[in-house]
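Source file: upload-v2.txt. Holds: compact mmCIF, C-alpha atoms.
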# COMPACT_ATOMS: atom_id res chain seq x y z
CA MET A 1 -7.44 0.85 38.79
CA SER A 2 -4.92 -1.76 37.60
CA VAL A 3 -1.64 -0.84 35.92
CA MET A 4 -2.94 -2.21 32.62
CA GLU A 5 -6.16 -0.21 32.87
CA GLN A 6 -4.20 2.95 33.70
CA SER A 7 -1.91 2.36 30.71
CA GLU A 8 -4.83 1.95 28.30
CA LEU A 9 -6.54 5.02 29.71
CA ASP A 10 -3.34 7.02 29.33
CA ARG A 11 -3.05 5.94 25.70
CA TRP A 12 -6.64 6.97 25.01
CA HIS A 13 -6.09 10.38 26.57
CA MET A 14 -2.77 10.90 24.76
CA ARG A 15 -4.45 10.13 21.44
CA ARG A 16 -6.93 12.88 22.24
CA ALA A 17 -4.03 15.23 23.04
CA LEU A 18 -2.46 14.39 19.65
CA GLU A 19 -5.77 15.15 17.89
CA LEU A 20 -5.83 18.52 19.62
CA ALA A 21 -2.20 19.25 18.72
CA ALA A 22 -2.92 18.80 15.01
CA LEU A 23 -5.50 21.60 15.15
CA GLY A 24 -2.63 24.07 15.38
CA GLN A 25 -1.26 23.20 11.95
CA GLY A 26 -0.54 26.32 9.95
CA HIS A 27 -1.17 28.59 12.91
CA VAL A 28 1.70 28.00 15.35
CA GLU A 29 4.84 27.56 13.24
CA PRO A 30 7.76 27.89 13.84
CA ASN A 31 6.57 26.69 17.27
CA PRO A 32 5.65 23.01 17.60
CA MET A 33 2.06 21.79 17.61
CA VAL A 34 1.10 20.74 21.14
CA GLY A 35 -2.05 19.26 22.66
CA CYS A 36 -2.88 18.69 26.31
CA VAL A 37 -5.58 17.01 28.39
CA ILE A 38 -6.02 17.11 32.17
CA VAL A 39 -7.83 14.20 33.80
CA GLN A 40 -9.24 13.11 37.12
CA GLY A 41 -9.49 9.36 36.84
CA ALA A 42 -11.14 8.69 33.48
CA GLU A 43 -12.77 12.13 33.22
CA ILE A 44 -11.22 14.88 31.09
CA ILE A 45 -11.58 18.07 33.10
CA GLY A 46 -9.59 20.34 30.82
CA GLU A 47 -8.08 20.27 27.36
CA GLY A 48 -6.29 22.68 25.08
CA TRP A 49 -3.89 23.12 22.21
CA HIS A 50 -1.43 25.74 21.08
CA ARG A 51 -3.74 27.79 18.87
CA ARG A 52 -1.50 30.50 17.47
CA PHE A 53 2.14 31.56 17.56
CA GLY A 54 2.72 33.89 20.51
CA GLU A 55 -0.49 32.91 22.31
CA ALA A 56 -1.07 30.63 25.30
CA HIS A 57 0.44 27.18 25.16
CA ALA A 58 -1.65 24.01 25.33
CA GLU A 59 -0.93 23.36 29.01
CA VAL A 60 -2.00 26.83 30.08
CA GLU A 61 -5.23 26.64 28.08
CA ALA A 62 -6.09 23.23 29.55
CA LEU A 63 -5.33 24.46 33.08
CA ARG A 64 -7.59 27.46 32.56
CA ILE A 65 -10.49 25.18 31.66
CA ALA A 66 -9.80 22.74 34.51
CA GLY A 67 -9.57 25.53 37.08
CA PRO A 68 -9.30 24.40 40.74
CA ARG A 69 -10.05 20.80 39.76
CA ALA A 70 -6.54 20.55 38.35
CA LYS A 71 -5.15 20.11 41.88
CA GLY A 72 -4.01 16.51 42.23
CA ALA A 73 -4.93 15.69 38.61
CA ALA A 74 -2.91 14.08 35.82
CA MET A 75 -1.79 16.02 32.77
CA LEU A 76 -1.05 14.35 29.45
CA VAL A 77 0.78 16.51 26.92
CA THR A 78 2.31 15.72 23.54
CA LEU A 79 5.57 17.63 24.10
CA GLU A 80 7.69 18.52 27.10
CA PRO A 81 6.40 21.68 28.85
CA CYS A 82 8.62 24.70 28.32
CA CYS A 83 10.72 26.03 31.20
CA HIS A 84 11.91 29.31 29.70
CA HIS A 85 10.50 32.74 28.99
CA GLY A 86 9.69 33.15 25.29
CA LYS A 87 6.58 34.77 23.86
CA THR A 88 4.79 33.43 26.97
CA PRO A 89 5.86 32.54 30.55
CA PRO A 90 7.14 29.02 31.31
CA CYS A 91 4.45 26.33 31.32
CA THR A 92 6.29 24.62 34.16
CA ASP A 93 5.36 27.55 36.43
CA ALA A 94 1.67 27.14 35.61
CA ILE A 95 1.81 23.37 36.17
CA LEU A 96 3.45 23.80 39.56
CA ALA A 97 1.01 26.52 40.60
CA ALA A 98 -1.94 24.28 39.68
CA GLN A 99 -0.50 21.42 41.79
CA ILE A 100 -0.67 18.79 39.08
CA ARG A 101 0.19 15.40 40.63
CA ARG A 102 1.23 13.37 37.57
CA LEU A 103 2.58 14.34 34.16
CA VAL A 104 2.67 12.06 31.10
CA VAL A 105 4.66 13.43 28.14
CA ALA A 106 4.84 11.89 24.68
CA GLN A 107 8.18 13.41 23.70
CA GLN A 108 11.02 15.43 25.17
CA ASP A 109 11.43 18.78 23.41
CA PRO A 110 14.87 19.01 21.70
CA PHE A 111 14.67 22.83 21.57
CA PRO A 112 17.92 23.93 23.28
CA ALA A 113 16.19 26.18 25.83
CA VAL A 114 14.09 23.20 26.99
CA ASP A 115 15.65 19.81 26.11
CA GLY A 116 14.82 18.01 29.33
CA GLY A 117 14.96 21.07 31.56
CA GLY A 118 11.19 21.25 31.96
CA LEU A 119 10.97 17.60 32.93
CA ALA A 120 13.83 17.94 35.40
CA ARG A 121 12.24 20.94 37.07
CA LEU A 122 8.89 19.21 37.50
CA ARG A 123 10.49 16.01 38.81
CA ALA A 124 12.50 18.06 41.30
CA ALA A 125 9.26 19.57 42.58
CA GLY A 126 7.86 16.11 43.32
CA ILE A 127 5.61 15.62 40.30
CA GLU A 128 5.46 12.07 38.95
CA VAL A 129 6.76 12.34 35.37
CA GLU A 130 6.54 9.72 32.61
CA VAL A 131 7.97 10.20 29.11
CA GLY A 132 7.56 8.31 25.84
CA LEU A 133 3.88 7.38 25.57
CA LEU A 134 2.98 7.38 21.83
CA GLU A 135 6.29 9.08 21.11
CA GLU A 136 6.43 7.91 17.50
CA GLU A 137 3.00 9.44 16.80
CA ALA A 138 4.04 12.66 18.54
CA ARG A 139 7.22 12.85 16.48
CA GLY A 140 5.09 12.42 13.37
CA VAL A 141 2.88 15.38 14.29
CA ASN A 142 5.91 17.61 14.76
CA ALA A 143 8.19 16.19 12.07
CA PRO A 144 8.64 19.60 10.36
CA TYR A 145 9.56 21.29 13.66
CA LEU A 146 11.99 18.48 14.51
CA LYS A 147 13.65 18.59 11.08
CA LEU A 148 14.16 22.34 11.30
CA LEU A 149 15.78 21.98 14.73
CA ALA A 150 17.98 19.06 13.70
CA THR A 151 19.13 20.17 10.24
CA GLY A 152 18.35 23.86 9.86
CA ARG A 153 16.26 22.99 6.78
CA PRO A 154 12.49 23.27 6.42
CA TRP A 155 10.13 20.36 5.79
CA VAL A 156 9.64 20.04 2.02
CA LEU A 157 6.25 19.11 0.61
CA ALA A 158 6.21 18.20 -3.08
CA LYS A 159 2.93 18.77 -4.91
CA TRP A 160 1.95 18.04 -8.49
CA ALA A 161 -1.02 17.13 -10.65
CA MET A 162 -0.54 14.60 -13.41
CA THR A 163 -2.42 12.56 -15.95
CA LEU A 164 -2.83 8.81 -15.68
CA ASP A 165 0.24 8.37 -17.89
CA GLY A 166 2.37 10.56 -15.62
CA ARG A 167 2.42 13.86 -17.54
CA THR A 168 2.27 17.21 -15.78
CA ALA A 169 1.94 19.13 -19.06
CA SER A 170 1.53 18.34 -22.73
CA ARG A 171 4.34 18.47 -25.30
CA THR A 172 3.44 22.16 -25.91
CA GLY A 173 3.59 22.99 -22.18
CA SER A 174 -0.19 23.16 -21.67
CA SER A 175 -1.13 22.18 -18.10
CA GLN A 176 -4.31 24.08 -17.17
CA TRP A 177 -6.15 22.24 -15.97
CA ILE A 178 -5.10 18.64 -15.40
CA SER A 179 -6.81 18.22 -12.03
CA ASN A 180 -10.42 19.09 -11.30
CA GLU A 181 -11.73 22.11 -9.41
CA ASP A 182 -12.13 20.27 -6.09
CA SER A 183 -8.54 19.01 -6.29
CA ARG A 184 -7.32 22.54 -6.96
CA ARG A 185 -9.30 23.79 -3.98
CA LEU A 186 -7.52 21.25 -1.77
CA ALA A 187 -4.17 22.32 -3.23
CA HIS A 188 -4.95 25.92 -2.31
CA GLY A 189 -5.54 24.71 1.25
CA LEU A 190 -1.97 23.38 1.27
CA ARG A 191 -0.70 26.75 0.07
CA GLY A 192 -2.51 28.46 2.90
CA ARG A 193 -0.67 26.63 5.68
CA VAL A 194 2.96 26.76 4.48
CA ASP A 195 5.69 29.37 4.87
CA ALA A 196 6.92 29.35 1.27
CA ILE A 197 5.85 28.10 -2.16
CA VAL A 198 8.68 27.28 -4.54
CA VAL A 199 8.70 26.79 -8.32
CA GLY A 200 11.37 26.63 -10.97
CA ARG A 201 11.97 29.22 -13.65
CA GLU A 202 10.38 27.18 -16.44
CA THR A 203 7.21 26.52 -14.43
CA ALA A 204 6.96 30.24 -13.69
CA ARG A 205 7.39 31.03 -17.39
CA MET A 206 5.00 28.43 -18.78
CA ASP A 207 2.20 28.66 -16.18
CA ASN A 208 2.52 32.33 -15.16
CA PRO A 209 1.13 31.51 -11.70
CA LEU A 210 0.31 33.79 -8.78
CA LEU A 211 1.26 31.15 -6.16
CA THR A 212 -1.20 32.49 -3.60
CA ALA A 213 -3.82 30.65 -1.56
CA ARG A 214 -7.36 31.36 -2.68
CA PRO A 215 -9.18 31.79 -0.37
CA PRO A 216 -6.40 32.85 2.04
CA GLY A 217 -5.34 30.40 4.73
CA PRO A 218 -3.81 30.98 8.16
CA ARG A 219 -0.42 31.82 6.62
CA THR A 220 0.68 34.01 3.73
CA ALA A 221 3.43 32.10 1.98
CA THR A 222 6.49 33.79 0.53
CA ARG A 223 6.70 32.94 -3.18
CA VAL A 224 10.10 31.65 -4.33
CA VAL A 225 11.29 31.21 -7.91
CA VAL A 226 14.50 29.28 -8.53
CA ASP A 227 15.87 31.22 -11.49
CA THR A 228 19.61 30.81 -12.05
CA ARG A 229 19.92 33.61 -14.60
CA ALA A 230 17.41 36.06 -13.03
CA SER A 231 15.31 35.93 -16.18
CA LEU A 232 11.83 36.05 -14.61
CA ALA A 233 9.77 38.38 -16.80
CA SER A 234 8.81 41.79 -15.45
CA ASP A 235 5.26 41.39 -16.73
CA SER A 236 4.73 38.01 -15.03
CA GLN A 237 2.02 37.83 -12.38
CA LEU A 238 4.67 37.02 -9.78
CA VAL A 239 6.76 40.13 -10.43
CA ARG A 240 3.76 42.42 -10.87
CA THR A 241 2.48 41.41 -7.39
CA ALA A 242 5.87 41.38 -5.65
CA ARG A 243 5.05 44.46 -3.58
CA GLU A 244 1.81 42.88 -2.38
CA VAL A 245 2.99 39.34 -1.56
CA PRO A 246 6.67 38.62 -0.82
CA LEU A 247 8.64 37.17 -3.72
CA ILE A 248 12.18 35.79 -3.56
CA VAL A 249 14.04 35.11 -6.77
CA ALA A 250 16.88 32.69 -6.00
CA VAL A 251 19.59 33.25 -8.58
CA GLY A 252 23.00 31.77 -9.31
CA PRO A 253 26.39 33.51 -9.13
CA SER A 254 26.40 34.11 -12.90
CA ALA A 255 23.14 36.11 -12.93
CA ARG A 256 23.73 39.48 -14.58
CA ALA A 257 23.76 42.45 -12.22
CA SER A 258 21.40 44.38 -14.51
CA GLU A 259 18.80 41.61 -14.33
CA ARG A 260 19.09 41.43 -10.57
CA ARG A 261 18.59 45.19 -10.29
CA ARG A 262 15.55 44.97 -12.59
CA LEU A 263 13.88 42.47 -10.29
CA GLN A 264 14.82 44.39 -7.15
CA LYS A 265 13.34 47.60 -8.53
CA ALA A 266 10.09 45.73 -9.12
CA GLY A 267 9.93 44.77 -5.42
CA CYS A 268 11.48 41.30 -5.57
CA GLU A 269 14.06 40.10 -3.10
CA VAL A 270 16.99 38.66 -5.06
CA LEU A 271 18.82 35.93 -3.18
CA VAL A 272 22.19 34.93 -4.64
CA CYS A 273 23.08 31.27 -4.08
CA GLU A 274 26.80 31.09 -4.75
CA SER A 275 27.30 27.38 -5.42
CA GLU A 276 28.32 26.39 -8.94
CA THR A 277 26.03 23.33 -8.90
CA ARG A 278 22.23 23.15 -9.00
CA SER A 279 22.12 20.84 -5.98
CA GLY A 280 24.44 23.11 -4.02
CA ARG A 281 22.32 26.17 -4.80
CA LEU A 282 19.14 24.40 -3.73
CA ASP A 283 20.74 23.34 -0.46
CA GLN A 284 21.83 26.93 0.14
CA LEU A 285 18.28 28.11 -0.57
CA LEU A 286 16.80 25.63 1.92
CA ALA A 287 19.39 26.64 4.51
CA GLU A 288 18.42 30.30 4.09
CA LEU A 289 14.70 29.53 4.38
CA GLY A 290 15.49 27.53 7.52
CA ARG A 291 17.52 30.42 8.92
CA ARG A 292 14.37 32.51 8.53
CA ARG A 293 12.57 29.84 10.58
CA MET A 294 10.34 28.75 7.74
CA THR A 295 9.06 25.36 8.85
CA ASN A 296 7.04 24.06 5.87
CA VAL A 297 7.90 24.72 2.22
CA LEU A 298 5.66 23.61 -0.65
CA VAL A 299 7.41 22.87 -3.96
CA GLU A 300 5.08 22.84 -6.97
CA GLY A 301 7.54 21.99 -9.76
CA GLY A 302 8.88 21.69 -12.27
CA GLY A 303 10.45 18.34 -12.87
CA GLN A 304 14.04 19.54 -12.79
CA LEU A 305 13.57 21.28 -9.44
CA LEU A 306 11.78 18.34 -7.85
CA GLY A 307 14.30 15.92 -9.36
CA THR A 308 17.23 17.75 -7.82
CA LEU A 309 15.48 17.86 -4.45
CA LEU A 310 14.88 14.12 -4.65
CA ASP A 311 18.52 13.54 -5.59
CA ILE A 312 19.74 15.42 -2.49
CA GLY A 313 17.21 13.74 -0.20
CA GLN A 314 15.14 16.85 0.49
CA ILE A 315 11.58 15.74 -0.32
CA ASP A 316 9.82 14.85 2.91
CA GLU A 317 6.18 14.61 1.91
CA VAL A 318 4.18 14.26 -1.31
CA HIS A 319 0.75 15.48 -2.41
CA VAL A 320 -0.15 14.08 -5.82
CA PHE A 321 -3.34 14.53 -7.82
CA VAL A 322 -3.91 11.94 -10.55
CA ALA A 323 -6.48 12.77 -13.22
CA PRO A 324 -8.10 10.07 -15.42
CA LYS A 325 -6.66 11.59 -18.61
CA LEU A 326 -4.00 10.60 -21.14
CA LEU A 327 -1.57 12.97 -22.86
CA GLY A 328 1.32 10.90 -24.19
CA GLY A 329 4.23 12.50 -26.02
CA GLU A 330 7.98 11.94 -25.68
CA THR A 331 8.60 15.56 -24.78
CA ALA A 332 5.63 16.01 -22.44
CA ARG A 333 6.66 17.11 -18.97
CA SER A 334 6.97 14.63 -16.10
CA PRO A 335 6.78 15.49 -12.38
CA ILE A 336 10.30 14.46 -11.29
CA ASP A 337 13.47 14.53 -13.40
CA GLY A 338 17.02 14.79 -12.07
CA ASP A 339 19.42 11.84 -11.95
CA GLY A 340 16.88 9.62 -10.24
CA ILE A 341 17.36 6.27 -8.53
CA ALA A 342 19.13 3.51 -10.45
CA GLN A 343 17.33 0.42 -9.13
CA VAL A 344 13.63 -0.10 -8.46
CA ALA A 345 14.59 -1.97 -5.29
CA GLU A 346 16.11 1.29 -4.01
CA ALA A 347 13.05 3.45 -4.78
CA LEU A 348 11.91 5.58 -1.87
CA PRO A 349 8.59 4.29 -0.52
CA ILE A 350 5.79 6.45 0.81
CA ARG A 351 4.99 5.74 4.44
CA SER A 352 1.31 5.02 5.17
CA PRO A 353 0.03 6.48 1.88
CA GLN A 354 -3.46 7.95 2.05
CA TRP A 355 -5.61 7.67 -1.07
CA GLN A 356 -8.70 9.80 -1.48
CA GLN A 357 -11.07 10.12 -4.41
CA ILE A 358 -11.94 13.71 -5.30
CA GLY A 359 -14.54 13.63 -8.04
CA ASP A 360 -12.84 11.71 -10.85
CA ASP A 361 -9.35 12.48 -9.51
CA LEU A 362 -7.31 10.41 -7.09
CA TYR A 363 -5.32 12.22 -4.40
CA LEU A 364 -2.32 10.59 -2.74
CA SER A 365 -0.58 12.04 0.29
CA GLY A 366 2.15 10.56 2.44
CA ARG A 367 5.64 10.97 3.79
CA VAL A 368 8.78 9.82 2.02
CA VAL A 369 10.86 7.20 3.82
CA PRO A 370 14.42 8.52 3.47
CA SER A 371 17.26 6.21 2.44
CA ARG A 372 18.98 6.53 5.84
CA GLU A 373 15.93 5.05 7.61
CA ARG A 374 15.73 2.11 5.20
CA GLN A 375 19.42 1.40 5.68
CA GLY A 376 18.98 1.59 9.46
For this file, produce the structure as structure tokens.
Amino acid sequence: MSVMEQSELDRWHMRRALELAALGQGHVEPNPMVGCVIVQGAEIIGEGWHRRFGEAHAEVEALRIAGPRAKGAAMLVTLEPCCHHGKTPPCTDAILAAQIRRLVVAQQDPFPAVDGGGLARLRAAGIEVEVGLLEEEARGVNAPYLKLLATGRPWVLAKWAMTLDGRTASRTGSSQWISNEDSRRLAHGLRGRVDAIVVGRETARMDNPLLTARPPGPRTATRVVVDTRASLASDSQLVRTAREVPLIVAVGPSARASERRRLQKAGCEVLVCESETRSGRLDQLLAELGRRRMTNVLVEGGGQLLGTLLDIGQIDEVHVFVAPKLLGGETARSPIDGDGIAQVAEALPIRSPQWQQIGDDLYLSGRVVPSRERQG
């Protein structure tokens, strides 16, 4: 087989490993999503992915399927194999025991307990190791994991439904329902794979949401209300279900002690963010969610909350449902407020936007290109 043929075959197999890795979304966090294939020549003899946090890693699952045929084979994996004891034994031990001949890795794992150590150990044992094949694609799959490691903040998904003229609610606050039933079903699927769902105080007051996934997904998200004055009503659906599904009320330093105690007695966790500014409090909230190893956070509004997140560069991904309806009205709610961006030329683009028609609605999803990347 020529070098060019081997390279194309490796790319084909790594794409399959990336497809497998994505199957772990919502199940493995805060671990990364990882996929693995083991090949003899062009034939895949074993494949696997990290299916659930605390369970076997992708390499171990693929080796189990390959069995004795793994001896002398090539392994292609989307992330550097671990070399430390965590919830499971090191994958490097399993690779060495199986006598894999060649290892192709898309990306080195920046996790401090790994960070090149797995690759070094396998190279030292005589395994041929190559790194960097489809690295950009692999980084895309694990962008939330990588952000959490690099910044201590979770990946922020912004979601809203709006009319064709950009309103998320009428001038009276009416918003149910702008999007159609199928769109709402898809939105519940998003809720079911994230670690937290965040709304602002006004959204909680006007919509009185539950903020749960129906039907349940692989994860049960913690509900979070950003409520500076701790004014969330005791008879709201969120407070009444606080003992059943976790609820954090993120308050400011001026929130009255009596109001905080009221919410705590109802089963809410009250988190005091001490900054005097809205942007500072939101950054403190994200830092705390990151400290708890929450990897993906879904923010569902309102406009002030999303606007502040945009202003501080903390919206990573958007999920927008556009309904073929018109509301109008100067005081009707819009999805993103805040200070905003001064020049259209400086607007943040969406990378590789995906449009999908859902009944009469249009659904847009994509990742925000941050200012630092555009400047680079």
Tell me which residues come within 12 Å of (10.9, 19.9, 33.3), as a ChimeraX atom specification, counting only C-alpha atoms in the file's coordinates. /A:79-84,90-96,103-105,107-109,113-131
List as a ChimeraX atom specification the residues having at least one atom at most 9 Å from position (-4.6, 37.2, -11.3) as given in the file, counting all atoms listed in the file. /A:209-210,237
What does the structure give for the distance between CA of Val299 (chain A) and CA of Val156 (chain A), in Å to one decimal? 7.0 Å
Shortest contact to Pro370 (chain A), candidates A:Thr220, A:Gln99, A:Gln314, A:Asn296, atoms counted only C-alpha atoms, goes to A:Gln314
Enclose region 363-368 of chain A, meaning all of its atoms listed in the file, in a box aligned along x, y and z, pad it by 6 Å on each side, and list the centre and edge lengths in Å to one decimal, as AutoDock Vina command-line options.
--center_x 1.7 --center_y 11.0 --center_z -0.3 --size_x 26.1 --size_y 14.4 --size_z 20.2
Return the single residue from A:Ser279, A:Gln264, A:Ser234, A:Gln357 that is closest to Val322 (chain A), with distances computed using all atoms listed in the file.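 Closest to Val322 (chain A) of all the choices is A:Gln357.
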Here CA of Asn180 (chain A) and CA of Phe321 (chain A) stand apart by 9.1 Å
Nearest to Gly189 (chain A): which of A:Gly302, A:Gly26, A:Pro349, A:Gly329 is it, counting all atoms listed in the file?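 Looking only at the distances to Gly189 (chain A), the closest residue turns out to be A:Gly26.
Non-sequential neighbours of region 50-55 of chain A (distance at most 7 Å, separation of 4 or more positions within a chain, only C-alpha atoms) are Ala21, Gly24, His27, Val28, Glu29, Asn31, Met33, Val34, Gly35, Lys87 and Thr88 of chain A.
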Who sits within 8 Å of Leu18 (chain A), only C-alpha atoms, same chain under 4 positions skipped, as a PyMOL selection string: chain A and resi 14+22+34-36+78+137-138+141
Please save C-alpha atoms of the selected residues as a PDB file, keeping the file's coordinate frame.
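Written out: result_36.pdb:
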ATOM      1  CA  MET A  14      -2.770  10.900  24.760  1.00  0.00           C
ATOM      2  CA  ALA A  22      -2.920  18.800  15.010  1.00  0.00           C
ATOM      3  CA  VAL A  34       1.100  20.740  21.140  1.00  0.00           C
ATOM      4  CA  GLY A  35      -2.050  19.260  22.660  1.00  0.00           C
ATOM      5  CA  CYS A  36      -2.880  18.690  26.310  1.00  0.00           C
ATOM      6  CA  THR A  78       2.310  15.720  23.540  1.00  0.00           C
ATOM      7  CA  GLU A 137       3.000   9.440  16.800  1.00  0.00           C
ATOM      8  CA  ALA A 138       4.040  12.660  18.540  1.00  0.00           C
ATOM      9  CA  VAL A 141       2.880  15.380  14.290  1.00  0.00           C
TER      10      VAL A 141
END
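Nearest residue to Ala213 (chain A) among A:Ala187, A:Thr168, A:Ala158, A:Arg240 is A:Ala187, counting all atoms listed in the file.
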Using all atoms listed in the file, find the one residue out of A:Pro110, A:Gly46, A:Gly303, A:Gly132 that sits nearest to Thr203 (chain A).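 Distance minimum relative to Thr203 (chain A) lands on A:Gly303.
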Suppose you want the space between CA of Ile38 (chain A) and CA of Ala106 (chain A); what is it in Å? 14.2 Å
Using all atoms listed in the file, find the one residue out of A:Leu305, A:Leu164, A:Ala345, A:Val249 that sits nearest to Cys273 (chain A).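 Among the listed residues, the smallest separation from Cys273 (chain A) belongs to A:Val249.
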Write out as a ChimeraX atom specification which residues come within 9 Å of Ala70 (chain A) when counting all atoms listed in the file, dropping same-chain ones fewer than 6 positions away. /A:38-40,45-46,63,98-101
